[in-house]
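To be precise, the following lines are input-v3.cif, and they hold mmCIF, C-alpha atoms (C1' of nucleotides).
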```cif
data_structure
loop_
_atom_site.label_atom_id
_atom_site.label_comp_id
_atom_site.auth_asym_id
_atom_site.auth_seq_id
_atom_site.Cartn_x
_atom_site.Cartn_y
_atom_site.Cartn_z
CA MET A 3 0.00 0.00 0.00
CA ILE A 4 1.07 3.52 -0.70
CA ASP A 5 0.08 4.84 2.69
CA THR A 6 -0.93 2.14 5.12
CA ARG A 7 -1.41 4.49 8.01
CA ARG A 8 -3.84 6.65 6.09
CA ASN A 9 -5.74 3.58 4.93
CA ILE A 10 -6.08 2.35 8.49
CA LEU A 11 -7.29 5.77 9.51
CA GLU A 12 -9.89 6.08 6.78
CA LYS A 13 -11.30 2.59 7.09
CA ASN A 14 -11.62 3.00 10.82
CA TYR A 15 -13.26 6.36 10.28
CA GLU A 16 -15.89 4.64 8.17
CA ALA A 17 -16.35 1.96 10.79
CA MET A 18 -16.68 4.61 13.49
CA HIS A 19 -19.27 6.41 11.41
CA ARG A 20 -21.34 3.26 11.20
CA HIS A 21 -20.76 1.53 14.53
CA GLY A 22 -19.58 4.28 16.83
CA PHE A 23 -16.16 4.24 18.44
CA GLN A 24 -17.01 1.60 21.00
CA GLY A 25 -18.47 -0.56 18.26
CA VAL A 26 -15.33 -0.46 16.13
CA ARG A 27 -13.36 -3.72 16.01
CA PRO A 28 -9.91 -2.72 14.77
CA ASP A 29 -9.16 -6.38 14.08
CA LYS A 30 -11.99 -6.67 11.61
CA VAL A 31 -11.28 -3.36 9.98
CA ILE A 32 -7.64 -4.14 9.32
CA SER A 33 -8.41 -7.66 8.14
CA GLU A 34 -10.81 -6.12 5.61
CA LEU A 35 -7.92 -3.94 4.58
CA GLY A 36 -5.90 -7.07 3.94
CA ILE A 37 -3.32 -6.26 6.59
CA THR A 38 -2.68 -7.60 10.07
CA LYS A 39 -2.39 -6.48 13.65
CA GLY A 40 1.31 -5.94 13.23
CA ALA A 41 0.67 -3.06 10.87
CA PHE A 42 -1.99 -1.56 13.08
CA TYR A 43 0.04 -1.60 16.27
CA HIS A 44 3.04 -0.39 14.36
CA TYR A 45 1.27 2.86 13.59
CA PHE A 46 -0.98 3.25 16.63
CA PRO A 47 -0.37 2.52 20.31
CA GLY A 48 -3.94 1.27 20.66
CA LYS A 49 -7.57 1.72 19.82
CA LEU A 50 -7.99 4.92 21.80
CA GLU A 51 -5.16 6.70 20.06
CA LEU A 52 -6.57 5.54 16.74
CA GLY A 53 -9.84 7.23 17.68
CA TYR A 54 -8.02 10.43 18.58
CA ALA A 55 -6.16 10.33 15.27
CA VAL A 56 -9.41 9.92 13.34
CA VAL A 57 -10.78 13.02 15.06
CA ASP A 58 -7.58 15.03 14.66
CA GLU A 59 -6.79 14.09 11.10
CA ILE A 60 -10.12 13.41 9.42
CA ILE A 61 -13.15 14.74 11.25
CA GLY A 62 -11.65 17.93 12.66
CA PRO A 63 -10.12 19.28 9.45
CA ARG A 64 -13.26 18.49 7.47
CA TYR A 65 -15.50 20.60 9.70
CA THR A 66 -13.22 23.41 10.67
CA GLY A 67 -12.04 23.73 7.09
CA LEU A 68 -15.58 24.26 5.88
CA TRP A 69 -16.73 26.76 8.48
CA GLN A 70 -13.59 28.80 8.49
CA GLN A 71 -14.35 29.70 4.89
CA LEU A 72 -17.06 31.94 6.32
CA GLU A 73 -14.32 34.41 7.14
CA HIS A 74 -13.67 35.08 3.47
CA TYR A 75 -17.21 34.85 2.20
CA GLN A 76 -18.16 37.76 0.03
CA GLY A 77 -21.74 38.83 0.43
CA HIS A 78 -24.24 38.78 3.24
CA PRO A 79 -22.72 36.77 6.13
CA VAL A 80 -26.06 35.03 6.62
CA GLU A 81 -25.80 33.78 3.06
CA GLY A 82 -22.34 32.53 3.91
CA ILE A 83 -23.83 30.42 6.68
CA VAL A 84 -26.52 29.19 4.33
CA TRP A 85 -23.83 28.34 1.80
CA CYS A 86 -22.06 26.17 4.39
CA LEU A 87 -25.31 24.42 5.23
CA GLU A 88 -26.04 23.80 1.56
CA TYR A 89 -22.53 22.50 1.10
CA ILE A 90 -23.14 19.99 3.86
CA ARG A 91 -26.45 19.02 2.32
CA SER A 92 -24.87 18.54 -1.10
CA GLY A 93 -22.45 16.02 0.35
CA MET A 94 -25.24 13.81 1.61
CA ASN A 95 -27.04 10.86 0.15
CA GLU A 96 -29.63 8.47 1.61
CA GLN A 97 -26.93 6.39 3.24
CA SER A 98 -24.97 9.16 4.87
CA CYS A 99 -28.30 10.53 6.09
CA ALA A 100 -29.02 7.22 7.78
CA LEU A 101 -25.56 7.20 9.34
CA GLY A 102 -25.79 10.76 10.57
CA CYS A 103 -23.16 13.39 11.20
CA PRO A 104 -19.84 11.82 12.24
CA LEU A 105 -19.13 14.70 14.60
CA ASN A 106 -22.58 14.63 16.18
CA ASN A 107 -22.39 10.86 16.57
CA LEU A 108 -19.04 11.01 18.28
CA ILE A 109 -20.05 13.83 20.60
CA ASN A 110 -23.12 11.97 21.73
CA GLU A 111 -21.23 8.75 22.21
CA MET A 112 -17.88 9.74 23.61
CA ALA A 113 -18.00 13.21 25.16
CA PRO A 114 -19.08 11.95 28.60
CA LEU A 115 -16.88 8.86 28.47
CA ASP A 116 -13.41 10.07 27.61
CA GLU A 117 -11.62 13.33 28.21
CA GLY A 118 -9.36 12.92 25.19
CA PHE A 119 -12.32 12.71 22.88
CA ARG A 120 -14.23 15.40 24.70
CA ILE A 121 -11.46 17.97 24.46
CA ARG A 122 -10.96 17.31 20.77
CA LEU A 123 -14.66 17.38 19.92
CA GLN A 124 -15.22 20.46 22.01
CA GLY A 125 -12.37 22.15 20.15
CA ILE A 126 -13.97 21.43 16.81
CA MET A 127 -17.34 22.69 18.02
CA GLU A 128 -15.76 25.84 19.40
CA THR A 129 -14.05 26.56 16.11
CA MET A 130 -17.32 26.17 14.25
CA HIS A 131 -19.13 28.23 16.84
CA SER A 132 -16.63 31.05 16.63
CA ALA A 133 -16.83 31.12 12.85
CA ILE A 134 -20.61 31.39 12.90
CA ALA A 135 -20.64 33.92 15.73
CA ARG A 136 -18.14 36.13 13.94
CA ALA A 137 -20.15 35.98 10.74
CA LEU A 138 -23.29 37.01 12.61
CA GLN A 139 -21.43 39.79 14.38
CA ARG A 140 -20.11 41.12 11.10
CA ALA A 141 -23.64 41.15 9.74
CA ALA A 142 -24.85 42.97 12.84
CA ASP A 143 -22.02 45.49 12.72
CA LYS A 144 -22.83 46.33 9.14
CA GLY A 145 -26.51 46.77 9.95
CA LEU A 146 -27.45 43.82 7.78
CA LEU A 147 -29.77 42.24 10.34
CA ASN A 148 -33.36 43.28 10.98
CA ARG A 149 -33.10 42.79 14.72
CA THR A 150 -30.56 42.73 17.47
CA LEU A 151 -29.22 39.41 18.58
CA ASP A 152 -26.45 37.96 20.70
CA ALA A 153 -24.15 36.55 18.04
CA LYS A 154 -22.60 33.91 20.30
CA ASN A 155 -25.89 32.66 21.63
CA TYR A 156 -27.45 32.60 18.19
CA ALA A 157 -24.43 30.73 16.86
CA TYR A 158 -25.06 28.00 19.42
CA PHE A 159 -28.60 27.81 18.15
CA VAL A 160 -27.48 27.50 14.53
CA LEU A 161 -25.05 24.74 15.46
CA ALA A 162 -27.69 22.97 17.49
CA ALA A 163 -30.29 23.14 14.76
CA MET A 164 -27.82 21.90 12.18
CA GLU A 165 -26.70 18.93 14.25
CA GLY A 166 -30.30 18.27 15.13
CA CYS A 167 -31.18 17.99 11.45
CA PHE A 168 -28.91 14.98 11.30
CA SER A 169 -30.55 13.42 14.33
CA VAL A 170 -33.97 13.87 12.78
CA GLY A 171 -32.88 12.51 9.42
CA LYS A 172 -31.24 9.59 11.14
CA SER A 173 -34.21 8.70 13.29
CA MET A 174 -36.61 8.90 10.38
CA GLN A 175 -34.16 7.25 8.00
CA ARG A 176 -35.35 9.64 5.36
CA ARG A 177 -33.62 12.52 3.69
CA THR A 178 -36.92 14.30 3.33
CA ALA A 179 -37.05 14.85 7.10
CA PHE A 180 -33.46 16.09 7.11
CA ASP A 181 -34.17 18.37 4.18
CA ALA A 182 -37.36 19.71 5.70
CA ALA A 183 -35.65 20.61 8.96
CA LEU A 184 -32.68 22.13 7.17
CA ASP A 185 -34.95 24.14 4.86
CA GLU A 186 -36.70 25.63 7.87
CA LEU A 187 -33.39 26.45 9.49
CA ILE A 188 -32.26 28.21 6.34
CA GLY A 189 -35.58 30.02 6.16
CA THR A 190 -35.17 31.13 9.75
CA LEU A 191 -31.66 32.39 9.06
CA ARG A 192 -32.75 34.30 5.99
CA GLY A 193 -35.51 35.79 8.10
CA LEU A 194 -32.78 37.61 10.00
CA LYS A 195 -31.72 39.56 6.93
CA GLN A 196 -32.55 43.19 6.65
CA GLY A 197 -35.10 44.14 4.01
CA MET B 25 -36.82 -6.41 46.06
CA ILE B 26 -40.33 -5.16 45.48
CA ASP B 27 -39.99 -5.10 41.73
CA THR B 28 -36.77 -6.62 40.51
CA ARG B 29 -37.66 -6.29 36.86
CA ARG B 30 -38.27 -2.58 37.17
CA ASN B 31 -35.02 -2.14 39.08
CA ILE B 32 -33.11 -3.94 36.36
CA LEU B 33 -34.78 -1.76 33.77
CA GLU B 34 -34.04 1.51 35.51
CA LYS B 35 -30.43 0.78 36.39
CA ASN B 36 -29.77 -0.32 32.85
CA TYR B 37 -31.48 2.80 31.59
CA GLU B 38 -29.03 4.86 33.60
CA ALA B 39 -26.13 2.83 32.29
CA MET B 40 -27.38 3.27 28.72
CA HIS B 41 -27.66 6.99 29.28
CA ARG B 42 -24.04 7.14 30.32
CA HIS B 43 -22.33 4.49 28.21
CA GLY B 44 -24.67 3.96 25.30
CA PHE B 45 -26.35 0.66 24.61
CA GLN B 46 -23.24 -1.01 23.26
CA GLY B 47 -21.30 0.18 26.26
CA VAL B 48 -23.72 -1.31 28.78
CA ARG B 49 -22.43 -4.37 30.63
CA PRO B 50 -25.54 -6.05 32.06
CA ASP B 51 -23.31 -8.14 34.33
CA LYS B 52 -21.93 -5.08 36.05
CA VAL B 53 -25.26 -3.32 36.29
CA ILE B 54 -26.98 -6.25 37.97
CA SER B 55 -24.07 -6.88 40.31
CA GLU B 56 -24.36 -3.25 41.41
CA LEU B 57 -28.01 -3.97 42.05
CA GLY B 58 -26.94 -6.80 44.33
CA ILE B 59 -28.57 -9.48 42.21
CA THR B 60 -27.18 -12.05 39.80
CA LYS B 61 -27.44 -13.20 36.23
CA GLY B 62 -30.19 -15.61 37.15
CA ALA B 63 -32.52 -12.75 37.90
CA PHE B 64 -31.58 -10.88 34.77
CA TYR B 65 -32.07 -13.77 32.38
CA HIS B 66 -35.24 -14.70 34.19
CA TYR B 67 -36.82 -11.42 33.16
CA PHE B 68 -35.10 -10.76 29.85
CA PRO B 69 -34.12 -13.12 27.02
CA GLY B 70 -30.93 -11.13 26.46
CA LYS B 71 -29.26 -7.77 26.26
CA LEU B 72 -31.04 -6.69 23.09
CA GLU B 73 -34.51 -7.28 24.49
CA LEU B 74 -33.47 -5.40 27.61
CA GLY B 75 -32.61 -2.46 25.40
CA TYR B 76 -35.95 -2.66 23.67
CA ALA B 77 -37.72 -2.79 27.03
CA VAL B 78 -35.86 0.31 28.21
CA VAL B 79 -37.07 2.16 25.13
CA ASP B 80 -40.63 0.84 25.31
CA GLU B 81 -41.15 1.24 29.03
CA ILE B 82 -38.98 4.17 30.10
CA ILE B 83 -37.80 6.39 27.28
CA GLY B 84 -40.85 6.18 25.05
CA PRO B 85 -43.50 6.99 27.65
CA ARG B 86 -41.43 9.82 29.06
CA TYR B 87 -41.23 11.67 25.75
CA THR B 88 -44.56 10.86 24.21
CA GLY B 89 -46.28 11.58 27.50
CA LEU B 90 -44.82 15.06 27.60
CA TRP B 91 -45.50 16.11 24.03
CA GLN B 92 -48.97 14.68 23.86
CA GLN B 93 -49.97 17.15 26.53
CA LEU B 94 -49.75 19.74 23.76
CA GLU B 95 -53.14 18.51 22.60
CA HIS B 96 -54.84 19.83 25.74
CA TYR B 97 -52.79 22.95 26.20
CA GLN B 98 -54.94 26.01 26.73
CA GLY B 99 -53.54 29.12 25.18
CA HIS B 100 -51.41 29.87 22.16
CA PRO B 101 -50.14 26.55 20.75
CA VAL B 102 -46.70 28.07 20.30
CA GLU B 103 -46.65 28.74 24.04
CA GLY B 104 -47.57 25.10 24.53
CA ILE B 105 -44.46 24.10 22.62
CA VAL B 106 -42.42 26.56 24.64
CA TRP B 107 -43.90 25.09 27.80
CA CYS B 108 -42.73 21.61 26.79
CA LEU B 109 -39.26 22.94 26.06
CA GLU B 110 -39.12 24.71 29.41
CA TYR B 111 -40.32 21.54 31.10
CA ILE B 112 -37.43 19.66 29.55
CA ARG B 113 -35.02 22.37 30.62
CA SER B 114 -36.33 22.34 34.17
CA GLY B 115 -35.52 18.64 34.45
CA MET B 116 -31.87 19.22 33.62
CA ASN B 117 -28.82 19.77 35.76
CA GLU B 118 -25.13 20.02 34.90
CA GLN B 119 -24.76 16.27 34.90
CA SER B 120 -27.73 15.42 32.71
CA CYS B 121 -26.54 18.16 30.37
CA ALA B 122 -23.20 16.41 30.07
CA LEU B 123 -24.93 13.08 29.45
CA GLY B 124 -27.27 14.47 26.84
CA CYS B 125 -30.74 13.47 25.76
CA PRO B 126 -31.31 9.73 26.18
CA LEU B 127 -33.45 9.62 23.07
CA ASN B 128 -30.98 11.58 20.97
CA ASN B 129 -28.12 9.44 22.21
CA LEU B 130 -29.87 6.23 21.35
CA ILE B 131 -30.94 7.43 17.92
CA ASN B 132 -27.43 8.43 17.03
CA GLU B 133 -25.96 5.22 18.33
CA MET B 134 -28.45 2.53 17.41
CA ALA B 135 -30.70 3.67 14.57
CA PRO B 136 -28.36 2.48 11.81
CA LEU B 137 -27.32 -0.67 13.66
CA ASP B 138 -30.50 -2.41 14.66
CA GLU B 139 -33.97 -2.46 13.17
CA GLY B 140 -35.65 -3.15 16.49
CA PHE B 141 -34.22 -0.02 18.00
CA ARG B 142 -34.77 2.00 14.86
CA ILE B 143 -38.46 1.21 14.62
CA ARG B 144 -39.04 2.03 18.27
CA LEU B 145 -37.06 5.26 18.21
CA GLN B 146 -38.65 6.33 14.95
CA GLY B 147 -42.05 5.72 16.51
CA ILE B 148 -41.25 7.98 19.43
CA MET B 149 -39.96 10.69 17.14
CA GLU B 150 -43.04 10.43 14.93
CA THR B 151 -45.31 10.81 17.92
CA MET B 152 -43.45 13.91 19.05
CA HIS B 153 -43.40 15.24 15.50
CA SER B 154 -47.13 14.77 15.08
CA ALA B 155 -47.88 16.50 18.35
CA ILE B 156 -45.80 19.53 17.39
CA ALA B 157 -47.11 19.62 13.84
CA ARG B 158 -50.72 19.49 15.06
CA ALA B 159 -50.08 22.30 17.52
CA LEU B 160 -48.61 24.45 14.77
CA GLN B 161 -51.48 23.63 12.46
CA ARG B 162 -54.00 24.61 15.11
CA ALA B 163 -52.20 27.90 15.53
CA ALA B 164 -52.23 28.46 11.78
CA ASP B 165 -55.89 27.54 11.45
CA LYS B 166 -56.82 30.03 14.12
CA GLY B 167 -54.79 32.74 12.43
CA LEU B 168 -52.41 32.93 15.37
CA LEU B 169 -49.26 32.92 13.25
CA ASN B 170 -47.79 35.92 11.50
CA ARG B 171 -46.76 33.99 8.42
CA THR B 172 -47.65 30.83 6.54
CA LEU B 173 -45.64 27.73 7.21
CA ASP B 174 -45.71 24.03 6.53
CA ALA B 175 -46.57 22.66 9.96
CA LYS B 176 -44.99 19.26 9.39
CA ASN B 177 -41.77 20.63 8.01
CA TYR B 178 -41.52 23.22 10.74
CA ALA B 179 -42.17 20.55 13.35
CA TYR B 180 -39.13 18.65 12.06
CA PHE B 181 -37.14 21.81 12.51
CA VAL B 182 -38.34 22.29 16.08
CA LEU B 183 -37.48 18.68 16.92
CA ALA B 184 -34.08 19.03 15.29
CA ALA B 185 -33.24 22.25 17.08
CA MET B 186 -34.30 20.79 20.40
CA GLU B 187 -32.25 17.64 20.02
CA GLY B 188 -29.39 19.75 18.76
CA CYS B 189 -29.44 21.80 21.95
CA PHE B 190 -28.51 18.64 23.79
CA SER B 191 -25.67 17.91 21.40
CA VAL B 192 -24.31 21.42 21.85
CA GLY B 193 -24.63 21.27 25.62
CA LYS B 194 -22.99 17.90 25.65
CA SER B 195 -20.07 18.87 23.47
CA MET B 196 -19.40 22.01 25.47
CA GLN B 197 -20.09 20.30 28.78
CA ARG B 198 -21.79 23.46 29.88
CA ARG B 199 -25.41 24.20 30.54
CA THR B 200 -24.90 27.76 29.42
CA ALA B 201 -24.44 26.58 25.83
CA PHE B 202 -27.53 24.41 26.08
CA ASP B 203 -29.49 27.27 27.57
CA ALA B 204 -28.30 29.76 25.01
CA ALA B 205 -29.32 27.53 22.11
CA LEU B 206 -32.65 26.73 23.70
CA ASP B 207 -33.35 30.39 24.43
CA GLU B 208 -32.79 31.22 20.79
CA LEU B 209 -35.07 28.39 19.72
CA ILE B 210 -37.78 29.68 22.04
CA GLY B 211 -37.25 33.20 20.75
CA THR B 212 -37.57 31.95 17.19
CA LEU B 213 -40.78 30.12 18.03
CA ARG B 214 -42.27 33.15 19.73
CA GLY B 215 -41.32 35.15 16.67
CA LEU B 216 -43.96 33.15 14.81
CA LYS B 217 -46.73 34.53 16.96
CA GLN B 218 -49.12 37.06 15.53
CA GLY B 219 -48.86 40.56 16.95
"C1'" DT C 14 -49.57 -32.82 52.13
"C1'" DC C 15 -47.84 -32.92 47.82
"C1'" DT C 16 -46.76 -30.71 43.78
"C1'" DT C 17 -46.03 -27.08 40.72
"C1'" DG C 18 -43.72 -23.21 39.10
"C1'" DC C 19 -42.05 -18.54 39.88
"C1'" DA C 20 -38.07 -16.02 41.29
"C1'" DC C 21 -33.98 -16.06 41.72
"C1'" DA C 22 -28.61 -17.99 42.76
"C1'" DT C 23 -24.39 -20.57 41.32
"C1'" DA C 24 -21.28 -22.41 38.37
"C1'" DC C 25 -19.67 -23.01 34.11
"C1'" DC C 26 -18.42 -21.82 29.07
"C1'" DA C 27 -17.38 -20.37 24.23
"C1'" DA C 28 -16.46 -16.44 21.62
"C1'" DT C 29 -14.68 -12.13 21.30
"C1'" DT C 30 -11.41 -8.34 22.18
"C1'" DA C 31 -7.58 -5.75 22.73
"C1'" DG C 32 -3.14 -6.37 23.16
"C1'" DT C 33 1.83 -8.50 23.34
"C1'" DA C 34 5.86 -10.97 22.00
"C1'" DT C 35 8.35 -12.35 18.51
"C1'" DG C 36 9.50 -13.04 14.02
"C1'" DT C 37 10.57 -11.66 8.89
"C1'" DT C 38 11.45 -8.87 4.83
"C1'" DC C 39 13.59 -5.35 2.56
"C1'" DA C 40 15.50 -0.87 1.63
"C1'" DT C 41 19.16 2.17 3.01
"C1'" DC C 42 23.23 3.79 5.02
"C1'" DT C 43 28.07 2.97 6.22
"C1'" DA D 17 29.17 -6.58 2.57
"C1'" DG D 18 27.31 -5.96 6.93
"C1'" DA D 19 24.45 -3.47 10.09
"C1'" DT D 20 20.32 -1.12 11.03
"C1'" DG D 21 15.65 -0.02 11.42
"C1'" DA D 22 11.17 0.72 9.36
"C1'" DA D 23 7.22 -1.87 7.98
"C1'" DC D 24 4.88 -5.19 8.44
"C1'" DA D 25 3.27 -10.68 9.60
"C1'" DT D 26 2.37 -14.57 12.88
"C1'" DA D 27 1.25 -16.63 16.98
"C1'" DC D 28 -0.09 -16.37 21.39
"C1'" DT D 29 -2.79 -14.61 25.66
"C1'" DA D 30 -5.43 -12.58 29.51
"C1'" DA D 31 -9.59 -10.44 30.34
"C1'" DT D 32 -14.04 -9.61 29.19
"C1'" DT D 33 -18.65 -10.60 27.47
"C1'" DG D 34 -22.87 -12.55 26.81
"C1'" DG D 35 -25.00 -16.51 27.69
"C1'" DT D 36 -26.41 -21.41 29.36
"C1'" DA D 37 -27.26 -25.20 32.43
"C1'" DT D 38 -28.54 -26.36 36.62
"C1'" DG D 39 -29.81 -25.85 41.44
"C1'" DT D 40 -32.69 -23.96 45.34
"C1'" DG D 41 -36.13 -21.76 48.29
"C1'" DC D 42 -40.70 -20.75 48.88
"C1'" DA D 43 -45.49 -19.48 48.20
"C1'" DA D 44 -49.94 -21.02 46.26
"C1'" DG D 45 -53.08 -24.23 44.70
"C1'" DA D 46 -54.92 -29.30 44.31
#
```

As structure tokens, the full file:
Amino acid sequence: MIDTRRNILEKNYEAMHRHGFQGVRPDKVISELGITKGAFYHYFPGKLELGYAVVDEIIGPRYTGLWQQLEHYQGHPVEGIVWCLEYIRSGMNEQSCALGCPLNNLINEMAPLDEGFRIRLQGIMETMHSAIARALQRAADKGLLNRTLDAKNYAYFVLAAMEGCFSVGKSMQRRTAFDAALDELIGTLRGLKQG
Amino acid sequence: MIDTRRNILEKNYEAMHRHGFQGVRPDKVISELGITKGAFYHYFPGKLELGYAVVDEIIGPRYTGLWQQLEHYQGHPVEGIVWCLEYIRSGMNEQSCALGCPLNNLINEMAPLDEGFRIRLQGIMETMHSAIARALQRAADKGLLNRTLDAKNYAYFVLAAMEGCFSVGKSMQRRTAFDAALDELIGTLRGLKQG
DNA sequence: TCTTGCACATACCAATTAGTATGTTCATCT
DNA sequence: AGATGAACATACTAATTGGTATGTGCAAGA
């Protein structure tokens, strides 16, 4: 293999997405990869550190990379947020809807169980939160909103609603429910715009 | 014990809340209860059926019981929804915030993994969704809303935002984040009211 | 009184899991 | 050429997990 470590990481990421971290069986994953335990324990001290690496190297960059683009978005900051949401939607199909948001899944599973996970996941959420809050604040500062709001508090709400869309889609096993909830969130956001 | 079965159910519910279903070790839970495997397997065929029973007999009734009260709420239906949300908030402390919503947790963990769980959890969500959608529709029919909306779609959004509040609170390990997100949701809901 | 069966306890077990200890191969540097 | 170490493979293991098989006490009915 060209990059065994990366393959291990990505396959285990997929397994984590489906089964949760506790449900991952590194043995099975690596045997599906056609390699053995030797390779796995060569690159990772153990299962826990593998989980951390998946968060640090796959999940974290994916989310922070997206939301940090808000900083450079030209146009109404609210539309920037909507753009991010639509980007997320565009990357989804029926299956990924049924599996839910990898970040949301991991938060709900691991945040209360392991400090290492919790700190990492909290860091990702804080980065996303800051990006959204700053966008809202910019909009407010430029008088682009039709009411006053607390940017930080509202950013928590946006994050919550977005993650919740995944939970709804997952519980219903239907994209239509995810889409409906997301459409209403977007409508609510656009309702903040001046004019 | 007065009701061993109920004790088993409730202790395992607590364990599921903390560790997730896959993380529950029925052995440990029952030994903490001071009973043995004999008692457990006398009342339940196995771990899976225990999980189903927890959903059917504890989680389900708790949620559906709350939201179905919307039907009899006197006053603006939107305030009925707000009342339910405030009721949920009132039942939370720092610890339950860190552990998250039992329903949300279970959906995110088990919906893609097991049909038995999925059907049960979906049923609970559909009951809640219907209750919210009907409340919104009543408000619309009575001309109590300041804009038109699709009650069913908006109900998905309300559910999503609510569940998302738990995810946010859980990831941040702080009630303030949960409260902030929930306050904004409530503000958004009240913004629908006429006048 | 005898029996039946519920409500558990005790003892055992096979499979799984995560991990370790120990090779082996091969490229690279000296 | 010989030494070295990265990159794996193989074989083993201790602990855990979920479950079964069997035993026991005791209350209620025949």

Self-check item: 9 Å contacts from chain A to chain B using only C-alpha atoms, as number ranges by chain
Solution: A: 20-22, 24-25, 100-103, 106-115, 120-121, 123-125, 127-128, 154-175, 179-187, 190

Exercise. Convert the output of the PyMOL selection byres ((chain B) within 10 of (chain C)) on the shown file into explicit residues, formatted as a PyMOL selection string.
Key: chain B and resi 28+59-67

Exercise. Calculate how many Å separate atom CA of A:Trp69 from atom CA of B:Arg199, rounding to one decimal.
Key: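 Atom CA of B:Arg199 lies 23.8 Å from atom CA of A:Trp69.
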
Exercise. Choose the residue, out of A:Ile10, A:Glu51, A:Glu96, A:Ile61, that has the smallest atom-to-atom separation from A:Arg176; count all atoms listed in the file.
Key: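 Nearest to A:Arg176: A:Glu96.
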
Practice problem: Please identify every residue of chain D that has at least one atom no more than 9 Å from any atom of chain A, counting only C-alpha atoms (C1' of nucleotides), and report them as a PyMOL selection string. | Solution: chain D and resi 23-26

For those residues, write C-alpha atoms (C1' of nucleotides) to a file as an mmCIF file, in the coordinates of the input.
```
data_model
loop_
_atom_site.group_PDB
_atom_site.id
_atom_site.type_symbol
_atom_site.label_atom_id
_atom_site.label_comp_id
_atom_site.auth_asym_id
_atom_site.auth_seq_id
_atom_site.Cartn_x
_atom_site.Cartn_y
_atom_site.Cartn_z
ATOM 1 C "C1'" DA D 23 7.220 -1.870 7.980
ATOM 2 C "C1'" DC D 24 4.880 -5.190 8.440
ATOM 3 C "C1'" DA D 25 3.270 -10.680 9.600
ATOM 4 C "C1'" DT D 26 2.370 -14.570 12.880
#
```
